[in-house]
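Engineer: Below you will find the structure I want to go over with you.
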2 protein chains.
Amino acid sequence: MNSNDLIDFVKAAMPYLEEVPTVQILKFMSVIQKPKGTKLFSEGKRHSNFYFIIKGAAKSYYLKEGKEICLWFAFENETLGSIMTYNGMPSNETIELLEDAELVCYQSDVLRKLAKENLAVSNLTHKMLEEHALFLEYRLHQLLFISGKERYENLVESAPEVFQRVSLTDIASYLGVSRETLSRIRNQG
Amino acid sequence: MNSNDLIDFVKAAMPYLEEVPTVQILKFMSVIQKPKGTKLFSEGKRHSNFYFIIKGAAKSYYLKEGKEICLWFAFENETLGSIMTYNGMPSNETIELLEDAELVCYQSDVLRKLAKENLAVSNLTHKMLEEHALFLEYRLHQLLFISGKERYENLVESAPEVFQRVSLTDIASYLGVSRETLSRIRNQG
DNA sequence: TAGTTCATGTGACAATTGTCACAAACTATC
DNA sequence: GATAGTTTGTGACAATTGTCACATGAACTA
């Protein structure tokens with residue numbers, strides 16, 4: 001994908017980029033390819049990038065006593081990153097590709113600097129943060145108010161593709177139940 | 001509190017307001033008093049305000065089968081609002097004052113309009129969103145990775161004042177355990 | 001002071017869920 | 001297609017937690 005294609009693509013995919021001048025966008029964006037298994041973020045490390053998924057899938061997880069516990073999954077046309085590293089802190093999560101992927105790579109440090117000076121860029125990052133906060137709020141609500149079984153049913157309803165592309169082990173940890181409990185939920189109705 | 005006092009106060013309390021011109025601030029801010037029990041937000045309703053607590057305490061909760069389940073508590077020098085209503089959607093939570101309170105009231109609709117045109121205001125709302133996202137991430141991490149007992153211990157450590165100002169019933173729902181379980185945690189160590 | 005209400009503690013029991021162990025099914029690779 | 005490795009299903013059991021019922025004690029009201 002060349003620069004012009006990139007601009008056309010990201011503007012189509014992200015309507016709130018429309019107002020950002022092309023010359024600015026090219027300062028903080030590029031397209032990369034990465035194979036399955038690549039760790040885009042590693043726990044404890046600082047990163048000054050985040051990503052938009054053109055093609056592929058990823059998971060975010062923490063390690064708890066050697067076990068992975070998934071925070072989220074991301075697929076095509078979703079943005080992927082860590083609010084901690086966006087703030088310059090070390091990452092508290094690991095983000096790993098579940099499939100070979102084509103990604104738009106944002107340089108978050110450049111983006112933040114631009115946002116401080118450029119209203120269109122500021123509105124862009126504002127929008128992204130807002131979407132992230134809404135997602136976190138939804139997750140929190142699910143965990144506090146809804147049983148494991150209901151969370152499973154909601155996931156089947158809202159994101160059935162997850163079950164085609166992510167292992168049940170990862171999904172169980174995402175739902176906050178053990179692998180065995182998820183297996184029983186699936187087989188009992 | 002008059003206009004000048006308000007400006008001095010909020011600029012001292014919120015460093016990221018420094019760059020916002022006073023004339024702009026007065027467009028979206030005022031100071032109000034409200035008694036204990038006031039519902040600043042009600043589930044299902046739209047609101048175009050959010051608040052900064054000068055003095056007082058508040059809780060946010062959902063209703064689940066008649067029971068309140070607390071999302072968060074807020075005290076002096078904290079900002080309080082709903083990301084849903086900020087986005088123009090109906091509130092999914094109720095926010096209620098636990099004590100008589102003095103509040104800075106922001107008009108979020110005015111603030112959003114200003115942010116679209118004014119870089120300093122945009123940076124302000126950006127900063128607020130970022131803090132909110134970090135808080136949600138912390139809560140999510142606690143719920144997914146840490147046992148009820150550890151969550152209790154972390155709360156004692158990080159916010160002991162909560163136990164002076166909030167009922168154990170509310171704290172139990174905040175921690176995601178039953179009132180009885182919290183009682184046992186407290187008496188066993 | 002008596003009565004009422006509300007917050008909290010506690011015991012008994014049931015239900016849910018996790019853990020462990022192992023079997024079955026599926027994948028990938030040679 | 002044989003083998004190794006991974007993923008998923010399942011049974012037995014233990015541990016945790018929730019629910020229900022009731023007791024206690026503090027706070028508030030009349």
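Each chain in the structure tokens gets a letter, A, B, ..., in the order shown, and its residues are numbered from 1; ligands are numbered from 1 in order too.
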Per residue of chain A within 9 Å of chain B, note the shortest atom pair and the distance in Å to one decimal, counting only C-alpha atoms, and order the rows by chain and increasing residue number, as a tab-separated table.
Structural biologist:
```
residue	atom	partner	partner_atom	distance
A:Tyr62	CA	B:Phe145	CA	8.5
A:Lys64	CA	B:Phe145	CA	7.1
A:Ile69	CA	B:Phe145	CA	7.7
A:Cys70	CA	B:Leu144	CA	8.9
A:Leu71	CA	B:His141	CA	8.3
A:Ile83	CA	B:Leu134	CA	6.9
A:Met84	CA	B:Leu134	CA	7.5
A:Asn87	CA	B:Glu130	CA	8.5
A:Ala115	CA	B:Asn123	CA	7.9
A:Lys116	CA	B:Asn123	CA	6.7
A:Glu117	CA	B:Leu119	CA	7.2
A:Asn118	CA	B:Leu119	CA	7.1
A:Leu119	CA	B:Leu119	CA	5.3
A:Ala120	CA	B:Lys116	CA	8.2
A:Ser122	CA	B:Ser122	CA	6.5
A:Asn123	CA	B:Lys116	CA	6.7
A:Thr125	CA	B:His126	CA	7.6
A:His126	CA	B:His126	CA	5.4
A:Lys127	CA	B:His126	CA	8.9
A:Leu129	CA	B:Leu129	CA	6.6
A:Glu130	CA	B:Leu129	CA	6.7
A:His132	CA	B:Ala133	CA	7.2
A:Ala133	CA	B:Ala133	CA	5.1
A:Leu134	CA	B:Ile83	CA	6.9
A:Leu136	CA	B:Leu136	CA	6.1
A:Glu137	CA	B:Leu136	CA	6.7
A:Arg139	CA	B:Leu140	CA	7.5
A:Leu140	CA	B:Leu140	CA	5.8
A:His141	CA	B:Leu71	CA	8.3
A:Leu143	CA	B:Leu143	CA	7.3
A:Leu144	CA	B:Gly176	CA	6.1
A:Phe145	CA	B:Lys64	CA	7.0
A:Ser173	CA	B:Leu144	CA	8.5
A:Tyr174	CA	B:Leu144	CA	8.4
A:Leu175	CA	B:Leu144	CA	8.8
A:Gly176	CA	B:Leu144	CA	6.1
```
Engineer: Pull out every residue of chain D that has at least one atom within 10 Å of chain B, counting only C-alpha atoms (C1' of nucleotides), and report them as a list in words.
Structural biologist: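 Every residue of chain D that passes the 10 Å test is in DT16, DT17, DG18 and DT19 of chain D.
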Engineer: Selected residues, N, CA, C and O atoms (P, O5', C5', C4', C3', O3' and C1' of nucleotides), written as an mmCIF file, in the first residue's frame, please.
Structural biologist:
```
data_model
loop_
_atom_site.group_PDB
_atom_site.id
_atom_site.type_symbol
_atom_site.label_atom_id
_atom_site.label_comp_id
_atom_site.auth_asym_id
_atom_site.auth_seq_id
_atom_site.Cartn_x
_atom_site.Cartn_y
_atom_site.Cartn_z
ATOM 1 P P DT D 16 -11.205 -21.830 49.758
ATOM 2 O "O5'" DT D 16 -12.311 -21.044 48.948
ATOM 3 C "C5'" DT D 16 -12.237 -21.016 47.527
ATOM 4 C "C4'" DT D 16 -13.454 -20.312 46.987
ATOM 5 C "C3'" DT D 16 -13.863 -19.070 47.783
ATOM 6 O "O3'" DT D 16 -13.964 -18.005 46.853
ATOM 7 C "C1'" DT D 16 -15.730 -20.531 47.480
ATOM 8 P P DT D 17 -14.262 -16.536 47.371
ATOM 9 O "O5'" DT D 17 -15.841 -16.436 47.190
ATOM 10 C "C5'" DT D 17 -16.405 -16.766 45.940
ATOM 11 C "C4'" DT D 17 -17.907 -16.837 46.070
ATOM 12 C "C3'" DT D 17 -18.510 -15.676 46.874
ATOM 13 O "O3'" DT D 17 -19.256 -14.895 45.969
ATOM 14 C "C1'" DT D 17 -19.480 -17.775 47.467
ATOM 15 P P DG D 18 -20.283 -13.774 46.466
ATOM 16 O "O5'" DG D 18 -21.679 -14.534 46.476
ATOM 17 C "C5'" DG D 18 -22.126 -15.160 45.279
ATOM 18 C "C4'" DG D 18 -23.507 -15.728 45.489
ATOM 19 C "C3'" DG D 18 -24.523 -14.731 46.049
ATOM 20 O "O3'" DG D 18 -25.765 -14.913 45.379
ATOM 21 C "C1'" DG D 18 -24.291 -16.572 47.546
ATOM 22 P P DT D 19 -27.013 -13.999 45.729
ATOM 23 O "O5'" DT D 19 -27.898 -14.875 46.713
ATOM 24 C "C5'" DT D 19 -28.182 -16.233 46.378
ATOM 25 C "C4'" DT D 19 -29.041 -16.846 47.468
ATOM 26 C "C3'" DT D 19 -30.077 -15.897 48.084
ATOM 27 O "O3'" DT D 19 -31.320 -16.571 48.107
ATOM 28 C "C1'" DT D 19 -28.757 -16.886 49.778
#
```
Engineer: List every residue of segment 73-166 of chain B that DSSP, applied to the backbone of this structure, assigns to alpha helix (DSSP H), and report them as a VMD selection string.
Structural biologist: chain B and resid 83 to 86 108 to 117 119 to 145 148 to 158 162 to 165
Engineer: Taking into account only C-alpha atoms (C1' of nucleotides), which residue in the set A:Lys149, A:Asn77, A:Thr85, A:Ile7 is nearest to chain C?
Structural biologist: A:Lys149
Engineer: Provide as a ChimeraX atom specification the residues of chain B at most 10 Å from chain C, counting only C-alpha atoms (C1' of nucleotides).
Structural biologist: /B:167-169,179-180,183-184,187
Engineer: Could you dump the residues just selected with all heavy atoms as a compact mmCIF listing (two decimals), in the first residue's frame?
Structural biologist:
```txt
# COMPACT_ATOMS: atom_id res chain seq x y z
N SER B 167 -21.20 3.12 52.97
CA SER B 167 -21.66 1.94 53.71
C SER B 167 -20.99 0.67 53.17
O SER B 167 -20.62 0.60 51.99
CB SER B 167 -23.18 1.81 53.59
OG SER B 167 -23.52 1.29 52.32
N LEU B 168 -20.89 -0.32 54.03
CA LEU B 168 -20.27 -1.59 53.62
C LEU B 168 -21.12 -2.30 52.56
O LEU B 168 -20.59 -3.06 51.74
CB LEU B 168 -20.07 -2.50 54.85
CG LEU B 168 -18.99 -2.03 55.82
CD1 LEU B 168 -18.96 -2.92 57.05
CD2 LEU B 168 -17.62 -2.02 55.15
N THR B 169 -22.41 -2.05 52.60
CA THR B 169 -23.28 -2.62 51.57
C THR B 169 -22.86 -2.11 50.19
O THR B 169 -22.73 -2.90 49.24
CB THR B 169 -24.75 -2.23 51.85
OG1 THR B 169 -25.10 -2.69 53.17
CG2 THR B 169 -25.69 -2.85 50.84
N ARG B 179 -22.61 -8.75 50.44
CA ARG B 179 -22.42 -8.06 51.71
C ARG B 179 -21.87 -9.02 52.76
O ARG B 179 -20.96 -8.68 53.54
CB ARG B 179 -23.79 -7.54 52.15
CG ARG B 179 -23.83 -6.54 53.23
CD ARG B 179 -25.26 -6.09 53.47
NE ARG B 179 -26.14 -7.21 53.84
CZ ARG B 179 -26.14 -7.82 55.03
NH1 ARG B 179 -25.30 -7.42 55.96
NH2 ARG B 179 -26.96 -8.82 55.27
N GLU B 180 -22.39 -10.22 52.79
CA GLU B 180 -21.96 -11.22 53.77
C GLU B 180 -20.50 -11.62 53.56
O GLU B 180 -19.74 -11.77 54.51
CB GLU B 180 -22.85 -12.47 53.68
CG GLU B 180 -24.28 -12.24 54.14
CD GLU B 180 -25.19 -11.77 53.01
OE1 GLU B 180 -24.67 -11.29 51.99
OE2 GLU B 180 -26.41 -11.89 53.16
N SER B 183 -18.26 -9.00 54.82
CA SER B 183 -18.23 -9.05 56.27
C SER B 183 -17.26 -10.12 56.76
O SER B 183 -16.49 -9.91 57.70
CB SER B 183 -19.64 -9.32 56.79
OG SER B 183 -19.67 -9.37 58.19
N ARG B 184 -17.26 -11.27 56.09
CA ARG B 184 -16.35 -12.36 56.48
C ARG B 184 -14.90 -12.03 56.16
O ARG B 184 -14.00 -12.30 56.95
CB ARG B 184 -16.77 -13.66 55.77
CG ARG B 184 -18.00 -14.26 56.41
CD ARG B 184 -18.54 -15.46 55.65
NE ARG B 184 -19.91 -15.73 56.09
CZ ARG B 184 -20.97 -15.77 55.31
NH1 ARG B 184 -20.84 -15.57 54.01
NH2 ARG B 184 -22.16 -16.00 55.81
N ASN B 187 -13.50 -9.88 58.83
CA ASN B 187 -13.33 -10.46 60.15
C ASN B 187 -12.37 -11.64 60.20
O ASN B 187 -12.10 -12.17 61.26
CB ASN B 187 -14.69 -10.88 60.71
CG ASN B 187 -15.51 -9.66 61.06
OD1 ASN B 187 -15.02 -8.77 61.75
ND2 ASN B 187 -16.72 -9.59 60.55
```
Engineer: Near Glu99 of chain B, within 7 Å and counting only C-alpha atoms (C1' of nucleotides), which residues show up once chain neighbours fewer than 2 positions away are dropped, as JSON, numbers by chain?
Structural biologist: {"B": [35, 36, 56, 57, 97, 101]}
Engineer: Give me, as a list in words, the residues of segment 83-134 of chain B that a backbone DSSP run labels strand (DSSP E).
Structural biologist: Thr94, Ile95, Glu96, Leu97, Ala101, Glu102, Leu103, Val104, Cys105, Tyr106 and Gln107 of chain B
Engineer: Write a file of the selected residues as a PDB file, in the first residue's frame, keeping C-alpha atoms.
Structural biologist:
```pdb
ATOM      1  CA  THR B  94     -27.537   6.634  38.545  1.00  0.00           C
ATOM      2  CA  ILE B  95     -25.229   9.060  40.332  1.00  0.00           C
ATOM      3  CA  GLU B  96     -26.287  10.083  43.812  1.00  0.00           C
ATOM      4  CA  LEU B  97     -24.773  12.324  46.459  1.00  0.00           C
ATOM      5  CA  ALA B 101     -22.060  18.755  48.408  1.00  0.00           C
ATOM      6  CA  GLU B 102     -20.577  21.812  46.766  1.00  0.00           C
ATOM      7  CA  LEU B 103     -19.936  21.168  43.103  1.00  0.00           C
ATOM      8  CA  VAL B 104     -18.524  22.785  40.012  1.00  0.00           C
ATOM      9  CA  CYS B 105     -21.079  22.088  37.309  1.00  0.00           C
ATOM     10  CA  TYR B 106     -19.802  21.762  33.733  1.00  0.00           C
ATOM     11  CA  GLN B 107     -22.153  21.982  30.778  1.00  0.00           C
TER      12      GLN B 107
END
```
Engineer: If we count only C-alpha atoms (C1' of nucleotides), what is near segment 9-11 of chain B at a cut-off of 12 Å, once residues fewer than 2 positions away on the same chain are taken out, given as a count of residues only?
Structural biologist: 34
Engineer: When you look at Ser42 of chain A with a cut-off of 7 Å (counting only C-alpha atoms (C1' of nucleotides)), what residues show up, excluding the ones that are within fewer than 2 positions of it in the same chain? I need them as a list in words.
Structural biologist: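 Counting only the stated atoms, we get Lys39, Leu40, Gly44, Lys45, Ser91, Glu93, Thr94 and Ile95 of chain A.
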